[in-house]
Each structure stands twice: as structure tokens, then as C-alpha cells.
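Q: Pasting work_31.pdb here (PDB, C-alpha atoms and all ligand atoms):
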ATOM      1  CA  MET A 247      21.499  13.980  15.944  1.00  0.00           C
ATOM      2  CA  ILE A 248      22.340  15.803  12.728  1.00  0.00           C
ATOM      3  CA  CYS A 249      24.076  14.305   9.698  1.00  0.00           C
ATOM      4  CA  CYS A 250      25.411  16.964   7.359  1.00  0.00           C
ATOM      5  CA  LEU A 251      26.395  16.727   3.729  1.00  0.00           C
ATOM      6  CA  ASN A 252      30.044  15.761   3.134  1.00  0.00           C
ATOM      7  CA  ASP A 253      31.242  19.061   1.729  1.00  0.00           C
ATOM      8  CA  ALA A 254      29.661  21.266   4.409  1.00  0.00           C
ATOM      9  CA  GLU A 255      31.941  23.969   5.808  1.00  0.00           C
ATOM     10  CA  GLU A 256      32.212  24.483   9.544  1.00  0.00           C
ATOM     11  CA  ALA A 257      30.022  27.601   9.366  1.00  0.00           C
ATOM     12  CA  GLU A 258      27.387  25.646   7.379  1.00  0.00           C
ATOM     13  CA  ILE A 259      27.293  22.939  10.057  1.00  0.00           C
ATOM     14  CA  ALA A 260      26.732  25.739  12.596  1.00  0.00           C
ATOM     15  CA  VAL A 261      23.861  27.047  10.435  1.00  0.00           C
ATOM     16  CA  ILE A 262      22.130  23.650  10.509  1.00  0.00           C
ATOM     17  CA  ASN A 263      22.718  23.333  14.264  1.00  0.00           C
ATOM     18  CA  ASP A 264      21.197  26.765  14.853  1.00  0.00           C
ATOM     19  CA  TYR A 265      18.269  25.909  12.604  1.00  0.00           C
ATOM     20  CA  TRP A 266      17.291  22.943  14.774  1.00  0.00           C
ATOM     21  CA  LEU A 267      17.966  24.482  18.191  1.00  0.00           C
ATOM     22  CA  LEU A 268      14.814  24.527  20.307  1.00  0.00           C
ATOM     23  CA  ALA A 269      13.927  27.508  22.491  1.00  0.00           C
ATOM     24  CA  ASP A 270      13.566  25.276  25.547  1.00  0.00           C
ATOM     25  CA  ASP A 271      12.468  21.745  26.398  1.00  0.00           C
ATOM     26  CA  GLU A 272       8.895  22.720  27.215  1.00  0.00           C
ATOM     27  CA  SER A 273       8.032  24.648  24.078  1.00  0.00           C
ATOM     28  CA  ASN A 274       8.223  23.395  20.519  1.00  0.00           C
ATOM     29  CA  GLY A 275       9.373  26.766  19.281  1.00  0.00           C
ATOM     30  CA  PHE A 276      12.852  27.246  17.835  1.00  0.00           C
ATOM     31  CA  LEU A 277      15.541  29.345  19.430  1.00  0.00           C
ATOM     32  CA  TYR A 278      16.416  31.403  16.338  1.00  0.00           C
ATOM     33  CA  THR A 279      14.276  32.705  13.532  1.00  0.00           C
ATOM     34  CA  LEU A 280      15.429  32.076   9.967  1.00  0.00           C
ATOM     35  CA  LYS A 281      16.207  35.791   9.672  1.00  0.00           C
ATOM     36  CA  GLN A 282      18.427  35.691  12.750  1.00  0.00           C
ATOM     37  CA  ILE A 283      20.364  32.727  11.318  1.00  0.00           C
ATOM     38  CA  LYS A 284      20.742  34.399   7.917  1.00  0.00           C
ATOM     39  CA  ASP A 285      21.962  37.628   9.534  1.00  0.00           C
ATOM     40  CA  ARG A 286      24.419  35.811  11.768  1.00  0.00           C
ATOM     41  CA  TYR A 287      26.135  33.922   8.932  1.00  0.00           C
ATOM     42  CA  LYS A 288      25.783  36.605   6.247  1.00  0.00           C
ATOM     43  CA  SER A 289      29.526  37.306   6.168  1.00  0.00           C
ATOM     44  CA  GLU A 290      30.544  33.616   6.225  1.00  0.00           C
ATOM     45  CA  ASN A 291      29.725  32.869   2.567  1.00  0.00           C
ATOM     46  CA  VAL A 292      27.495  29.889   3.435  1.00  0.00           C
ATOM     47  CA  ARG A 293      24.941  28.262   1.134  1.00  0.00           C
ATOM     48  CA  SER A 294      21.242  28.983   1.761  1.00  0.00           C
ATOM     49  CA  VAL A 295      19.637  27.651   4.975  1.00  0.00           C
ATOM     50  CA  GLY A 296      16.946  25.859   2.921  1.00  0.00           C
ATOM     51  CA  TYR A 297      19.565  24.024   0.827  1.00  0.00           C
ATOM     52  CA  LEU A 298      21.665  23.031   3.848  1.00  0.00           C
ATOM     53  CA  VAL A 299      18.636  21.741   5.776  1.00  0.00           C
ATOM     54  CA  GLN A 300      17.376  19.821   2.745  1.00  0.00           C
ATOM     55  CA  LYS A 301      20.768  18.163   2.247  1.00  0.00           C
ATOM     56  CA  SER A 302      21.212  17.144   5.874  1.00  0.00           C
ATOM     57  CA  ILE A 303      19.412  14.623   8.068  1.00  0.00           C
ATOM     58  CA  PHE A 304      18.015  15.558  11.470  1.00  0.00           C
ATOM     59  CA  LEU A 305      16.969  12.873  13.929  1.00  0.00           C
ATOM     60  CA  ALA A 306      14.961  14.611  16.653  1.00  0.00           C
ATOM     61  CA  SER A 307      14.947  13.283  20.200  1.00  0.00           C
ATOM     62  CA  HIS A 308      11.196  13.965  20.536  1.00  0.00           C
ATOM     63  CA  PRO A 309       9.183  10.681  20.796  1.00  0.00           C
ATOM     64  CA  ALA A 310       7.106  11.771  17.772  1.00  0.00           C
ATOM     65  CA  PHE A 311      10.178  10.898  15.653  1.00  0.00           C
ATOM     66  CA  THR A 312      10.541   7.341  16.892  1.00  0.00           C
ATOM     67  CA  CYS A 313       8.503   4.510  15.387  1.00  0.00           C
ATOM     68  CA  HIS A 314       6.311   3.074  18.164  1.00  0.00           C
ATOM     69  CA  ASN A 315       6.564  -0.340  16.528  1.00  0.00           C
ATOM     70  CA  CYS A 316      10.277  -0.894  15.787  1.00  0.00           C
ATOM     71  CA  ASN A 317      11.849   2.066  17.673  1.00  0.00           C
ATOM     72  CA  ARG A 318      13.573   3.230  14.489  1.00  0.00           C
ATOM     73  CA  LYS A 319      14.322   6.960  14.313  1.00  0.00           C
ATOM     74  CA  ILE A 320      12.380   8.867  11.642  1.00  0.00           C
ATOM     75  CA  PRO A 321      14.297  11.750  10.030  1.00  0.00           C
ATOM     76  CA  ASP A 322      12.738  15.186  10.115  1.00  0.00           C
ATOM     77  CA  LYS A 323      12.699  17.307   6.964  1.00  0.00           C
ATOM     78  CA  ASN A 324      12.122  20.834   8.239  1.00  0.00           C
ATOM     79  CA  ARG A 325      10.653  22.958  11.027  1.00  0.00           C
ATOM     80  CA  THR A 326       7.136  22.891   9.577  1.00  0.00           C
ATOM     81  CA  GLU A 327       7.102  19.112   9.617  1.00  0.00           C
ATOM     82  CA  TYR A 328       8.637  19.065  13.082  1.00  0.00           C
ATOM     83  CA  THR A 329       5.873  21.276  14.484  1.00  0.00           C
ATOM     84  CA  ARG A 330       3.150  19.351  12.658  1.00  0.00           C
ATOM     85  CA  ARG A 331       4.376  15.965  13.846  1.00  0.00           C
ATOM     86  CA  VAL A 332       4.964  17.032  17.449  1.00  0.00           C
ATOM     87  CA  LYS A 333       1.362  18.285  17.679  1.00  0.00           C
ATOM     88  CA  ARG A 334      -0.088  14.990  16.477  1.00  0.00           C
ATOM     89  CA  LYS A 335      -1.548  12.777  19.199  1.00  0.00           C
ATOM     90  CA  ASP A 336      -1.449   9.440  17.360  1.00  0.00           C
ATOM     91  CA  ALA A 337       1.529   7.076  17.549  1.00  0.00           C
ATOM     92  CA  THR A 338       4.257   7.472  14.927  1.00  0.00           C
ATOM     93  CA  THR A 339       4.925   4.601  12.545  1.00  0.00           C
ATOM     94  CA  CYS A 340       7.845   4.429  10.115  1.00  0.00           C
ATOM     95  CA  ILE A 341       7.334   3.752   6.380  1.00  0.00           C
ATOM     96  CA  GLU A 342       8.775   0.230   6.631  1.00  0.00           C
ATOM     97  CA  CYS A 343       6.350  -0.756   9.426  1.00  0.00           C
ATOM     98  CA  LEU A 344       3.443   0.835   7.522  1.00  0.00           C
ATOM     99  CA  GLU A 345       4.323  -1.216   4.419  1.00  0.00           C
ATOM    100  CA  ILE A 346       4.548  -4.440   6.444  1.00  0.00           C
ATOM    101  CA  LYS A 347       1.180  -3.646   8.075  1.00  0.00           C
ATOM    102  CA  GLN A 348      -0.346  -2.919   4.659  1.00  0.00           C
ATOM    103  CA  GLN A 349       0.998  -6.201   3.259  1.00  0.00           C
ATOM    104  CA  HIS A 350      -0.474  -8.127   6.219  1.00  0.00           C
ATOM    105  CA  LEU A 351      -3.839  -6.505   5.531  1.00  0.00           C
ATOM    106  CA  TYR A 352      -3.682  -7.487   1.835  1.00  0.00           C
ATOM    107  CA  ASP A 353      -2.676 -11.070   2.694  1.00  0.00           C
ATOM    108  CA  GLU A 354      -5.466 -11.315   5.255  1.00  0.00           C
ATOM    109  CA  THR A 355      -8.022  -9.962   2.757  1.00  0.00           C
ATOM    110  CA  PHE A 356      -6.929 -12.390   0.013  1.00  0.00           C
ATOM    111  CA  ARG A 357      -7.041 -15.304   2.450  1.00  0.00           C
ATOM    112  CA  THR A 358     -10.555 -14.376   3.629  1.00  0.00           C
ATOM    113  CA  LEU A 359     -11.748 -13.996   0.019  1.00  0.00           C
ATOM    114  CA  LYS A 360     -10.189 -17.305  -1.000  1.00  0.00           C
ATOM    115  CA  GLU A 361     -11.855 -19.093   1.922  1.00  0.00           C
ATOM    116  CA  TYR A 362     -15.178 -17.446   1.119  1.00  0.00           C
ATOM    117  CA  LYS A 363     -14.999 -18.487  -2.555  1.00  0.00           C
ATOM    118  CA  ALA A 364     -14.047 -22.040  -1.624  1.00  0.00           C
ATOM    119  CA  ARG A 365     -17.011 -22.231   0.744  1.00  0.00           C
ATOM    120  CA  VAL A 366     -19.684 -20.552  -1.408  1.00  0.00           C
ATOM    121  CA  PHE A 367     -18.736 -21.767  -4.885  1.00  0.00           C
ATOM    122  CA  GLN A 368     -18.343 -25.425  -4.086  1.00  0.00           C
ATOM    123  CA  SER A 369     -19.171 -27.545  -7.106  1.00  0.00           C
ATOM    124  CA  GLU A 370     -22.205 -29.805  -6.729  1.00  0.00           C
ATOM    125  CA  PRO A 371     -22.669 -33.085  -8.583  1.00  0.00           C
ATOM    126  CA  TYR A 372     -25.952 -31.812 -10.028  1.00  0.00           C
ATOM    127  CA  LEU A 373     -25.711 -33.183 -13.585  1.00  0.00           C
ATOM    128  CA  ASN A 374     -27.146 -36.559 -12.570  1.00  0.00           C
ATOM    129  CA  LYS A 375     -30.163 -34.840 -11.050  1.00  0.00           C
ATOM    130  CA  LEU A 376     -31.144 -32.944 -14.218  1.00  0.00           C
ATOM    131  CA  THR A 377     -34.126 -34.018 -16.324  1.00  0.00           C
ATOM    132  CA  ILE A 378     -33.634 -34.581 -20.059  1.00  0.00           C
ATOM    133  CA  LYS A 379     -35.133 -31.115 -20.760  1.00  0.00           C
ATOM    134  CA  GLU A 380     -32.782 -29.434 -18.307  1.00  0.00           C
ATOM    135  CA  THR A 381     -29.802 -31.286 -19.772  1.00  0.00           C
ATOM    136  CA  LEU A 382     -30.702 -30.162 -23.297  1.00  0.00           C
ATOM    137  CA  GLY A 383     -31.192 -26.628 -22.022  1.00  0.00           C
ATOM    138  CA  LEU A 384     -27.779 -26.632 -20.339  1.00  0.00           C
ATOM    139  CA  LEU A 385     -26.146 -28.055 -23.464  1.00  0.00           C
ATOM    140  CA  SER A 386     -27.829 -25.392 -25.576  1.00  0.00           C
ATOM    141  CA  ILE A 387     -26.647 -22.568 -23.293  1.00  0.00           C
ATOM    142  CA  SER A 388     -23.100 -23.983 -23.167  1.00  0.00           C
ATOM    143  CA  ALA A 389     -22.999 -24.351 -26.958  1.00  0.00           C
ATOM    144  CA  GLU A 390     -24.136 -20.737 -27.458  1.00  0.00           C
ATOM    145  CA  GLN A 391     -21.198 -19.478 -25.458  1.00  0.00           C
ATOM    146  CA  ILE A 392     -18.626 -21.100 -27.725  1.00  0.00           C
ATOM    147  CA  GLU A 393     -18.025 -19.213 -30.950  1.00  0.00           C
ATOM    148  CA  ASN A 394     -18.852 -21.158 -34.151  1.00  0.00           C
ATOM    149  CA  SER A 395     -20.170 -24.085 -32.130  1.00  0.00           C
ATOM    150  CA  GLN A 396     -22.838 -26.296 -33.660  1.00  0.00           C
ATOM    151  CA  PHE A 397     -25.549 -27.418 -31.340  1.00  0.00           C
ATOM    152  CA  LEU A 398     -25.695 -31.229 -31.195  1.00  0.00           C
ATOM    153  CA  GLY A 399     -23.787 -31.546 -34.491  1.00  0.00           C
ATOM    154  CA  GLY A 400     -23.504 -30.032 -37.941  1.00  0.00           C
ATOM    155  CA  SER A 401     -25.863 -32.289 -39.865  1.00  0.00           C
ATOM    156  CA  LEU A 402     -28.840 -34.581 -39.223  1.00  0.00           C
ATOM    157  CA  GLU A 403     -26.590 -37.666 -39.357  1.00  0.00           C
ATOM    158  CA  GLU A 404     -24.556 -36.400 -36.472  1.00  0.00           C
ATOM    159  CA  ILE A 405     -27.524 -36.022 -34.157  1.00  0.00           C
ATOM    160  CA  THR A 406     -28.405 -39.100 -32.229  1.00  0.00           C
ATOM    161  CA  ILE A 407     -31.534 -38.531 -30.247  1.00  0.00           C
ATOM    162  CA  THR A 408     -33.806 -41.464 -29.640  1.00  0.00           C
ATOM    163  CA  GLY A 409     -36.446 -39.846 -27.490  1.00  0.00           C
ATOM    164  CA  ILE A 410     -35.885 -42.535 -24.869  1.00  0.00           C
ATOM    165  CA  GLN A 411     -34.744 -40.647 -21.795  1.00  0.00           C
ATOM    166  CA  SER A 412     -32.381 -43.295 -20.390  1.00  0.00           C
ATOM    167  CA  ILE A 413     -30.514 -43.653 -23.739  1.00  0.00           C
ATOM    168  CA  ASP A 414     -30.413 -39.954 -24.675  1.00  0.00           C
ATOM    169  CA  GLN A 415     -29.194 -38.978 -21.230  1.00  0.00           C
ATOM    170  CA  LYS A 416     -26.245 -41.359 -21.629  1.00  0.00           C
ATOM    171  CA  ILE A 417     -25.401 -39.885 -25.043  1.00  0.00           C
ATOM    172  CA  LEU A 418     -25.592 -36.350 -23.722  1.00  0.00           C
TER     173      LEU A 418
HETATM  174 ZN    ZN A 501       8.900   0.984  12.366  1.00  0.00          ZN
END
Turn this file's structure into C-alpha cells for me.
Ligand SMILES: [Zn+2]
A:
Amino acid sequence: MICCLNDAEEAEIAVINDYWLLADDESNGFLYTLKQIKDRYKSENVRSVGYLVQKSIFLASHPAFTCHNCNRKIPDKNRTEYTRRVKRKDATTCIECLEIKQQHLYDETFRTLKEYKARVFQSEPYLNKLTIKETLGLLSISAEQIENSQFLGGSLEEITITGIQSIDQKIL
């Protein structure tokens, strides 16, 4: 099926038809060369073959131009693309189906990563198991990471450390 631009003259529609005519069903060659088409319509005052082909839509009947997933027809741009696509052995997929497939892959990847993070980075109630030295060390490291922080207070009066592990641990 060919869809031509609105203002195409009858002779221009014939040009596009001739452009897409295949030599026979078996071969992927085209019936007329570009030169033959140009010569034939020389006197008809038609616009260039390239322009007319670019401005029209050709839906080829060859299975290489049907999406194997949704059966949607994929328009063909020109003879070069036609030949290239017909020679390909892999199944044809339309842009819409490719985008959906890509999105599924992204979603699947994010879900896997989220599950992995939830499993591996589970928080552990480890604070109760720390010794007084480890607690002070952790506090010191945490304090260093905050800009302008003052470790355990700004002056001597603010620091309340008794040296008795059970009391200091509660304060910390
Ligand atoms: Zn599709």
C-alpha cells in the first residue's frame, strides 16, 4: 500500500508506484531502475523521485515489514532500506514494541536492584552490642562527618563522662 502526499499529481503517483514495483515475487530486485523512471516521466513535469518517495509512505507486503509482536505494518523509507530489511534473518519489531520491551527491562532491573538492596543492606540492631570504646569511636567518626560539629560538646562543662561504662553508655 502506498500513501502519497496530498498535492501529488497523477503522474507523480505513477512515479511512486513505478519506484516500488518489484521485478517478480521471487527476487527482491525492482522492476525499473531510477534512470528508467526519470526518463519515462521526463516530459510530465514531475518533482524529483527522491522527493516524492520521501514524502510518501510505502507499506510493503513482505513479512519483514510487519512487526512479529503486534502485527503492525512498518513503513519503508526507500529501496536501500527495503533490500537491507528483506535480507535480515531476525524477526522485525516496531518502534513501539521495542520501547515497551525496553521499559519492561528497565522496570525488571530496578525491581531486582531494589530487592537486592533490601536484602543486603538490612539494618542490624548493633548499637547495643558495641563496647564503650566502639561507641566512642562511632560517635567520633559520625561527628567528623558533620561540618562544624563539636565532638562531645563545645566546652568541658558540656562533657559528661564518668568512666563508668553502664552510665556513660546510657549518656552516649
Ligand atoms: Zn509492534
Q: Once you count only C-alpha atoms and all ligand atoms, which residues end up within 9 Å of ligand ZN 501 (chain A), and could you hand them over as a PyMOL selection string?
A: chain A and resi 312-320+338-344
Q: Take CA of Ile387 (chain A) and CA of Leu373 (chain A) and report the distance between them in Å, one decimal.
A: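 Computed distance, CA of Ile387 (chain A) to CA of Leu373 (chain A), equals 14.4 Å.
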Q: As an exercise, work out the distance from CA of Gly296 (chain A) to CA of Ala310 (chain A) in Å and give it to one decimal place.
A: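 Going from CA of Gly296 (chain A) over to CA of Ala310 (chain A), I get 22.7 Å.
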Q: Quick one, how far is CA of Ile248 (chain A) from CA of Ile303 (chain A)?
A: 5.6 Å
Q: Return the single residue from A:Tyr287, A:Trp266, A:Tyr278, A:Tyr352 that is closest to Ser307 (chain A), with distances computed using all atoms listed in the file.
A: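 For Ser307 (chain A), the nearest of the given residues is A:Trp266.
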Q: Running the PyMOL selection byres (((chain A and resi 304) around 9) and not hetatm) on this model by hand, what would come out? Give it as a JSON list (two decimals) with C-alpha atoms, keeping the file's coordinate frame.
A:
[["chain", "number", "residue", "atom", "x", "y", "z"],
["A", 247, "MET", "CA", 21.50, 13.98, 15.94],
["A", 248, "ILE", "CA", 22.34, 15.80, 12.73],
["A", 249, "CYS", "CA", 24.08, 14.30, 9.70],
["A", 250, "CYS", "CA", 25.41, 16.96, 7.36],
["A", 266, "TRP", "CA", 17.29, 22.94, 14.77],
["A", 299, "VAL", "CA", 18.64, 21.74, 5.78],
["A", 302, "SER", "CA", 21.21, 17.14, 5.87],
["A", 303, "ILE", "CA", 19.41, 14.62, 8.07],
["A", 305, "LEU", "CA", 16.97, 12.87, 13.93],
["A", 306, "ALA", "CA", 14.96, 14.61, 16.65],
["A", 320, "ILE", "CA", 12.38, 8.87, 11.64],
["A", 321, "PRO", "CA", 14.30, 11.75, 10.03],
["A", 322, "ASP", "CA", 12.74, 15.19, 10.12],
["A", 323, "LYS", "CA", 12.70, 17.31, 6.96],
["A", 324, "ASN", "CA", 12.12, 20.83, 8.24]]
Q: With the file shown as input, list the residues that the PyMOL selection byres (((chain A and resi 268) around 12) and not hetatm) selects, as a VMD selection string.
A: chain A and resid 263 to 267 269 to 279 306 to 308 325 328 to 329
Q: Would you export the selected residues with C-alpha atoms as a JSON list (two decimals), in the coordinates of the input, please?
A:
[["chain", "number", "residue", "atom", "x", "y", "z"],
["A", 263, "ASN", "CA", 22.72, 23.33, 14.26],
["A", 264, "ASP", "CA", 21.20, 26.76, 14.85],
["A", 265, "TYR", "CA", 18.27, 25.91, 12.60],
["A", 266, "TRP", "CA", 17.29, 22.94, 14.77],
["A", 267, "LEU", "CA", 17.97, 24.48, 18.19],
["A", 269, "ALA", "CA", 13.93, 27.51, 22.49],
["A", 270, "ASP", "CA", 13.57, 25.28, 25.55],
["A", 271, "ASP", "CA", 12.47, 21.74, 26.40],
["A", 272, "GLU", "CA", 8.90, 22.72, 27.22],
["A", 273, "SER", "CA", 8.03, 24.65, 24.08],
["A", 274, "ASN", "CA", 8.22, 23.40, 20.52],
["A", 275, "GLY", "CA", 9.37, 26.77, 19.28],
["A", 276, "PHE", "CA", 12.85, 27.25, 17.84],
["A", 277, "LEU", "CA", 15.54, 29.34, 19.43],
["A", 278, "TYR", "CA", 16.42, 31.40, 16.34],
["A", 279, "THR", "CA", 14.28, 32.70, 13.53],
["A", 306, "ALA", "CA", 14.96, 14.61, 16.65],
["A", 307, "SER", "CA", 14.95, 13.28, 20.20],
["A", 308, "HIS", "CA", 11.20, 13.96, 20.54],
["A", 325, "ARG", "CA", 10.65, 22.96, 11.03],
["A", 328, "TYR", "CA", 8.64, 19.07, 13.08],
["A", 329, "THR", "CA", 5.87, 21.28, 14.48]]
Q: Check which residues satisfy the PyMOL selection byres (((chain A and resi 286) around 12) and not hetatm) in the file shown, then give them as a VMD selection string.
A: chain A and resid 257 to 258 260 to 261 264 to 265 278 to 285 287 to 292 295
Q: For region 303-315 of chain A, supply N, CA and C atoms and format the output as a short mmCIF file (atom, residue, chain, number, x, y, z; two decimals), keeping the file's coordinate frame.
A:
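This went into rebuild.cif:
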data_model
loop_
_atom_site.label_atom_id
_atom_site.label_comp_id
_atom_site.auth_asym_id
_atom_site.auth_seq_id
_atom_site.Cartn_x
_atom_site.Cartn_y
_atom_site.Cartn_z
N ILE A 303 20.43 15.47 7.43
CA ILE A 303 19.41 14.62 8.07
C ILE A 303 19.37 14.97 9.55
N PHE A 304 18.17 15.23 10.06
CA PHE A 304 18.02 15.56 11.47
C PHE A 304 17.16 14.49 12.14
N LEU A 305 17.73 13.86 13.17
CA LEU A 305 16.97 12.87 13.93
C LEU A 305 16.62 13.49 15.28
N ALA A 306 15.38 13.91 15.43
CA ALA A 306 14.96 14.61 16.65
C ALA A 306 14.81 13.64 17.82
N SER A 307 15.06 14.15 19.02
CA SER A 307 14.95 13.28 20.20
C SER A 307 13.49 13.15 20.67
N HIS A 308 12.62 14.02 20.16
CA HIS A 308 11.20 13.96 20.54
C HIS A 308 10.59 12.60 20.17
N PRO A 309 9.76 12.01 21.07
CA PRO A 309 9.18 10.68 20.80
C PRO A 309 8.36 10.61 19.50
N ALA A 310 7.89 11.78 19.02
CA ALA A 310 7.11 11.77 17.77
C ALA A 310 7.95 11.35 16.58
N PHE A 311 9.28 11.28 16.76
CA PHE A 311 10.18 10.90 15.65
C PHE A 311 10.79 9.52 15.87
N THR A 312 10.12 8.72 16.69
CA THR A 312 10.54 7.34 16.89
C THR A 312 9.36 6.44 16.58
N CYS A 313 9.59 5.42 15.75
CA CYS A 313 8.50 4.51 15.39
C CYS A 313 8.08 3.74 16.63
N HIS A 314 6.78 3.75 16.95
CA HIS A 314 6.31 3.07 18.16
C HIS A 314 6.39 1.56 18.02
N ASN A 315 6.55 1.10 16.79
CA ASN A 315 6.56 -0.34 16.53
C ASN A 315 7.98 -0.94 16.59
#
